[in-house]
$ cat start14.txt   # compact mmCIF, C-alpha atoms and all ligand atoms
# COMPACT_ATOMS: atom_id res chain seq x y z
CA ALA A 219 64.49 107.50 58.37
CA ASP A 220 65.05 105.37 61.42
CA ASN A 221 63.76 101.84 61.40
CA TYR A 222 61.68 101.48 64.57
CA ASN A 223 62.19 97.73 64.80
CA GLN A 224 65.93 98.09 64.81
CA LYS A 225 67.85 97.12 67.90
CA ILE A 226 69.98 100.07 68.98
CA ASP A 227 73.32 99.18 70.55
CA TYR A 228 74.40 102.74 71.39
CA ILE A 229 73.03 106.26 71.45
CA PHE A 230 75.71 108.93 71.06
CA LYS A 231 74.87 112.55 71.74
CA ILE A 232 76.81 115.03 69.63
CA VAL A 233 76.56 118.81 69.97
CA LEU A 234 77.10 121.39 67.24
CA ILE A 235 78.67 124.63 68.43
CA GLY A 236 80.06 127.80 66.90
CA ASP A 237 79.00 131.29 65.87
CA SER A 238 75.71 131.95 64.15
CA ALA A 239 75.55 131.51 60.36
CA VAL A 240 78.63 129.26 60.04
CA GLY A 241 76.41 126.46 58.72
CA LYS A 242 75.70 124.23 61.75
CA SER A 243 72.04 123.68 60.88
CA GLN A 244 72.83 122.97 57.24
CA LEU A 245 75.54 120.47 58.17
CA LEU A 246 72.97 118.69 60.31
CA ALA A 247 70.31 118.85 57.57
CA ARG A 248 72.80 117.46 55.08
CA PHE A 249 73.89 114.63 57.34
CA ALA A 250 70.50 113.63 58.78
CA ARG A 251 68.23 114.19 55.75
CA ASN A 252 70.56 114.95 52.81
CA GLU A 253 68.97 118.38 52.52
CA PHE A 254 70.39 121.88 52.11
CA SER A 255 68.78 125.32 52.08
CA LEU A 256 70.42 128.57 51.01
CA ASP A 257 68.08 130.75 53.07
CA SER A 258 67.97 128.76 56.30
CA LYS A 259 66.43 130.51 59.29
CA ALA A 260 68.33 131.02 62.51
CA THR A 261 67.57 128.08 64.77
CA ILE A 262 65.15 128.96 67.58
CA GLY A 263 64.55 126.52 70.41
CA VAL A 264 66.43 123.37 71.36
CA GLU A 265 66.47 120.95 68.49
CA PHE A 266 68.06 117.63 67.72
CA GLN A 267 67.89 115.13 64.92
CA THR A 268 68.81 111.49 64.89
CA LYS A 269 70.37 109.21 62.35
CA THR A 270 70.88 105.51 62.86
CA LEU A 271 73.89 103.90 61.26
CA ILE A 272 76.30 101.04 61.55
CA VAL A 273 79.68 101.53 63.23
CA ASP A 274 81.92 98.48 63.36
CA SER A 275 78.87 96.19 62.98
CA LYS A 276 77.03 97.86 65.88
CA THR A 277 73.85 99.89 65.43
CA VAL A 278 74.49 103.42 66.63
CA LYS A 279 71.89 106.12 66.91
CA ALA A 280 73.53 109.53 66.55
CA GLN A 281 71.52 112.18 68.39
CA ILE A 282 72.81 115.50 67.10
CA TRP A 283 71.92 118.72 68.89
CA ASP A 284 71.76 122.05 67.13
CA THR A 285 72.11 125.37 68.98
CA VAL A 286 69.18 127.49 69.83
CA GLY A 287 69.71 131.11 68.93
CA GLN A 288 71.95 131.88 71.92
CA GLU A 289 75.06 131.63 69.78
CA ARG A 290 75.63 135.37 69.73
CA HIS A 291 75.08 135.86 73.45
CA ARG A 292 78.73 136.46 74.18
CA TYR A 293 79.55 138.19 70.92
CA PRO A 294 77.34 141.26 70.79
CA GLY A 295 78.11 143.34 67.74
CA SER A 296 79.28 140.40 65.67
CA ALA A 297 75.74 139.55 64.67
CA SER A 298 74.67 139.77 61.05
CA SER A 299 71.07 139.23 62.06
CA THR A 300 69.13 139.80 65.28
CA SER A 301 67.92 137.29 67.81
CA LEU A 302 64.82 138.00 69.85
CA ILE A 303 65.95 135.49 72.45
CA GLN A 304 69.19 137.36 72.89
CA LEU A 305 67.33 140.55 73.77
CA SER A 306 65.17 138.99 76.46
CA THR A 307 67.19 136.17 77.99
CA PRO A 308 69.03 136.84 81.25
CA GLU A 309 72.48 135.29 81.67
CA SER A 310 71.23 132.77 84.28
CA VAL A 311 68.74 131.37 81.80
CA TYR A 312 71.43 131.17 79.17
CA ARG A 313 73.61 129.15 81.54
CA ALA A 314 70.79 126.73 82.37
CA VAL A 315 70.08 126.17 78.69
CA ALA A 316 73.79 125.69 77.96
CA SER A 317 74.07 123.05 80.72
CA ALA A 318 71.14 121.09 79.32
CA TYR A 319 72.56 121.42 75.84
CA TYR A 320 75.95 119.95 76.73
CA ARG A 321 74.73 117.37 79.26
CA GLY A 322 75.68 113.84 78.26
CA ALA A 323 77.44 114.82 75.05
CA VAL A 324 80.14 112.36 73.98
CA GLY A 325 81.06 114.20 70.78
CA ALA A 326 81.20 117.81 69.60
CA MET A 327 81.59 119.56 66.26
CA LEU A 328 83.19 122.98 66.65
CA VAL A 329 82.15 124.75 63.46
CA TYR A 330 83.52 127.92 61.85
CA ASP A 331 83.03 129.51 58.42
CA LEU A 332 86.37 129.53 56.58
CA THR A 333 85.38 132.82 54.89
CA LYS A 334 84.83 134.53 58.31
CA ARG A 335 88.02 135.00 60.31
CA GLN A 336 86.11 136.01 63.42
CA SER A 337 84.20 132.74 63.51
CA PHE A 338 87.57 130.95 63.71
CA ASP A 339 88.98 133.35 66.31
CA HIS A 340 85.96 132.57 68.53
CA MET A 341 86.70 128.82 68.49
CA ALA A 342 88.92 129.04 71.59
CA ARG A 343 86.06 130.46 73.64
CA TRP A 344 83.56 127.93 72.36
CA LEU A 345 86.04 125.19 73.22
CA GLU A 346 86.53 126.61 76.69
CA GLU A 347 82.77 126.65 77.30
CA LEU A 348 82.44 123.10 75.96
CA ARG A 349 85.23 121.77 78.16
CA GLY A 350 83.64 123.43 81.17
CA HIS A 351 80.53 121.30 80.68
CA VAL A 352 81.61 117.86 79.47
CA ASP A 353 83.68 114.82 80.31
CA LYS A 354 87.33 115.09 79.27
CA ASN A 355 87.00 111.98 77.07
CA ILE A 356 84.64 113.77 74.67
CA VAL A 357 85.60 113.54 70.98
CA ILE A 358 85.90 117.01 69.45
CA MET A 359 86.20 117.84 65.77
CA LEU A 360 87.03 121.28 64.41
CA ILE A 361 85.08 121.90 61.21
CA ALA A 362 85.98 124.51 58.60
CA ASN A 363 82.68 124.77 56.75
CA LYS A 364 81.88 126.40 53.37
CA CYS A 365 84.97 125.03 51.61
CA ASP A 366 83.02 125.51 48.35
CA LEU A 367 83.82 129.24 48.84
CA GLY A 368 87.58 128.68 48.61
CA SER A 369 88.24 131.93 46.73
CA LEU A 370 86.88 133.86 49.76
CA ARG A 371 88.99 131.94 52.28
CA ALA A 372 89.94 134.03 55.34
CA VAL A 373 91.45 131.24 57.47
CA PRO A 374 94.53 129.39 56.15
CA VAL A 375 94.48 125.64 56.73
CA GLU A 376 97.75 125.99 58.67
CA ASP A 377 96.05 128.17 61.31
CA ALA A 378 93.36 125.54 61.81
CA GLN A 379 95.90 122.71 61.95
CA GLU A 380 97.99 124.54 64.53
CA PHE A 381 94.91 125.06 66.72
CA THR A 382 93.88 121.44 66.17
CA GLU A 383 97.24 120.07 67.24
CA ARG A 384 97.55 122.36 70.25
CA GLU A 385 94.08 121.45 71.50
CA ASN A 386 94.20 117.79 70.47
CA LEU A 387 91.17 117.88 68.16
CA PHE A 388 90.26 116.28 64.87
CA PHE A 389 89.94 118.58 61.85
CA MET A 390 88.06 118.53 58.54
CA GLU A 391 87.02 121.04 55.89
CA THR A 392 83.42 120.57 54.79
CA SER A 393 80.78 121.99 52.52
CA ALA A 394 77.17 121.42 53.52
CA LEU A 395 76.26 122.96 50.15
CA GLN A 396 78.28 120.53 48.05
CA SER A 397 78.07 117.68 50.53
CA THR A 398 81.87 117.55 50.87
CA ASN A 399 83.17 115.57 53.88
CA VAL A 400 79.90 115.96 55.83
CA GLU A 401 79.29 112.23 56.16
CA GLY A 402 83.04 111.74 56.70
CA ALA A 403 83.17 114.24 59.54
CA PHE A 404 80.23 112.74 61.44
CA MET A 405 81.41 109.19 60.80
CA THR A 406 84.89 110.01 62.10
CA VAL A 407 83.46 111.44 65.32
CA LEU A 408 81.08 108.48 65.78
CA THR A 409 83.84 105.95 65.12
CA GLU A 410 86.22 107.66 67.55
CA ILE A 411 83.51 107.71 70.23
CA TYR A 412 82.87 104.03 69.60
CA ASN A 413 86.59 103.25 69.89
CA ILE A 414 86.73 105.00 73.25
CA ILE A 415 83.75 103.28 74.82
CA SER A 416 84.14 99.78 73.35
P1 LIG A 501 73.95 128.27 61.61
O1 LIG A 501 73.46 129.58 62.14
O2 LIG A 501 75.35 127.99 62.05
O3 LIG A 501 73.02 127.13 61.90
O4 LIG A 501 74.07 128.44 60.02
P2 LIG A 501 73.04 127.91 58.89
O5 LIG A 501 73.14 126.43 58.74
O6 LIG A 501 71.69 128.47 59.16
O7 LIG A 501 73.68 128.56 57.59
C1 LIG A 501 73.88 129.97 57.49
C2 LIG A 501 73.95 130.36 56.02
O8 LIG A 501 75.12 129.78 55.42
C3 LIG A 501 72.75 129.88 55.19
O9 LIG A 501 72.47 130.87 54.23
C4 LIG A 501 73.26 128.63 54.51
O10 LIG A 501 72.61 128.37 53.31
C5 LIG A 501 74.74 128.98 54.31
N1 LIG A 501 75.61 127.79 54.28
C6 LIG A 501 75.65 126.78 55.18
N2 LIG A 501 76.57 125.86 54.83
C7 LIG A 501 77.14 126.31 53.69
C8 LIG A 501 78.17 125.80 52.83
O11 LIG A 501 78.76 124.73 53.04
N3 LIG A 501 78.49 126.57 51.74
C9 LIG A 501 77.87 127.76 51.46
N4 LIG A 501 78.26 128.41 50.36
N5 LIG A 501 76.89 128.25 52.25
C10 LIG A 501 76.53 127.54 53.34
MG MG A 502 71.27 127.18 63.07
$ encode --input "start14.txt" --output "structure tokens" --more "lines below"
Ligand code: GDP
Ligand code: MG
Amino acid sequence: ADNYNQKIDYIFKIVLIGDSAVGKSQLLARFARNEFSLDSKATIGVEFQTKTLIVDSKTVKAQIWDTVGQERHRYPGSASSTSLIQLSTPESVYRAVASAYYRGAVGAMLVYDLTKRQSFDHMARWLEELRGHVDKNIVIMLIANKCDLGSLRAVPVEDAQEFTERENLFFMETSALQSTNVEGAFMTVLTEIYNIIS
């Protein structure tokens, strides 16, 4: 929990993006509260969580935004569950929500599920949308989540590394379930942001 008397040197907004069900909300729950749920509900509504930590002896409040059920808007048919918002939200409303979501972000985690090839193939479009909304200095990390399910892997590490190098991103494999690299991924993004602005 945040200490309210703490002096905050920086607030860094980080956005989580990627297809539905890749594990964005569980990565956030693991990082912010050290929690994990196997039957997590699709996120509805704009939501963020904060975690205050020390980066290079400065107090940094990470404000991490989680997507809001619009993830499948551009991928009809790829859904494994239904979204009521998707059925009733016109494109103009989607765009307004997306703008608010990305506004002011200095870091982004582009998350796919390494057992779902399609969630990796969609990364290019998520990246394109992100870059259309943010400053070019934003720190972006590609995350291959669910590395605990290695026997079901559908995306070779080489494919991710090639994409990472071409697009100039950072890359890590994580497991929100087993807590693998979750702290490391967020800390890398926060430290890189700090290095840029300091
Ligand atoms: P989101 O739609 O991207 O926010 O995905 P969620 O965080 O809601 O997770 C979707 C499903 O994947 C849930 O059933 C989670 O329990 C599961 N999940 C998330 N992260 C992991 C992980 O690292 N390993 C495994 N095995 N399952 C995960
Ligand atoms: Mg979610």
$ closest_residue --input "start14.txt" --among "A:Lys231, A:Arg384, A:Lys279, A:Lys334" --to "ligand LIG 501 (chain A)" --atoms "all atoms listed in the file"
A:Lys334
$ residues_near_ligand --input "start14.txt" --ligand "ligand LIG 501 (chain A)" --cutoff "8 Å" --atoms "only C-alpha atoms and all ligand atoms" --output "ChimeraX atom specification"
/A:235-246,254-261,284-285,287,329,363-367,392-397
$ closest_residue --input "start14.txt" --among "A:Leu234, A:Met359, A:Val407, A:Met341" --to "ligand MG 502 (chain A)" --atoms "all atoms listed in the file"
A:Leu234
$ atom_distance --input "start14.txt" --atom1 "CA of Arg371 in chain A" --atom2 "CA of Met390 in chain A"
14.8 Å
$ closest_residue --input "start14.txt" --among "A:Ile282, A:Leu408, A:Ala362, A:Leu348" --to "Glu376 in chain A" --atoms "only C-alpha atoms"
A:Ala362
$ closest_residue --input "start14.txt" --among "A:Lys276, A:Lys225, A:Arg248, A:Arg335" --to "Asn399 in chain A" --atoms "all atoms listed in the file"
A:Arg248
$ residues_around --input "start14.txt" --residues "Val278 in chain A" --least-positions-apart "3" --cutoff "9 Å" --atoms "all atoms listed in the file" --output "PyMOL selection string"
chain A and resi 226-230+269-273+408+412
$ closest_residue --input "start14.txt" --among "A:Glu401, A:Phe249, A:Leu370, A:Tyr320" --to "Trp344 in chain A" --atoms "all atoms listed in the file"
A:Tyr320
$ atom_distance --input "start14.txt" --atom1 "CA of Phe266 in chain A" --atom2 "CA of Gly322 in chain A"
13.5 Å
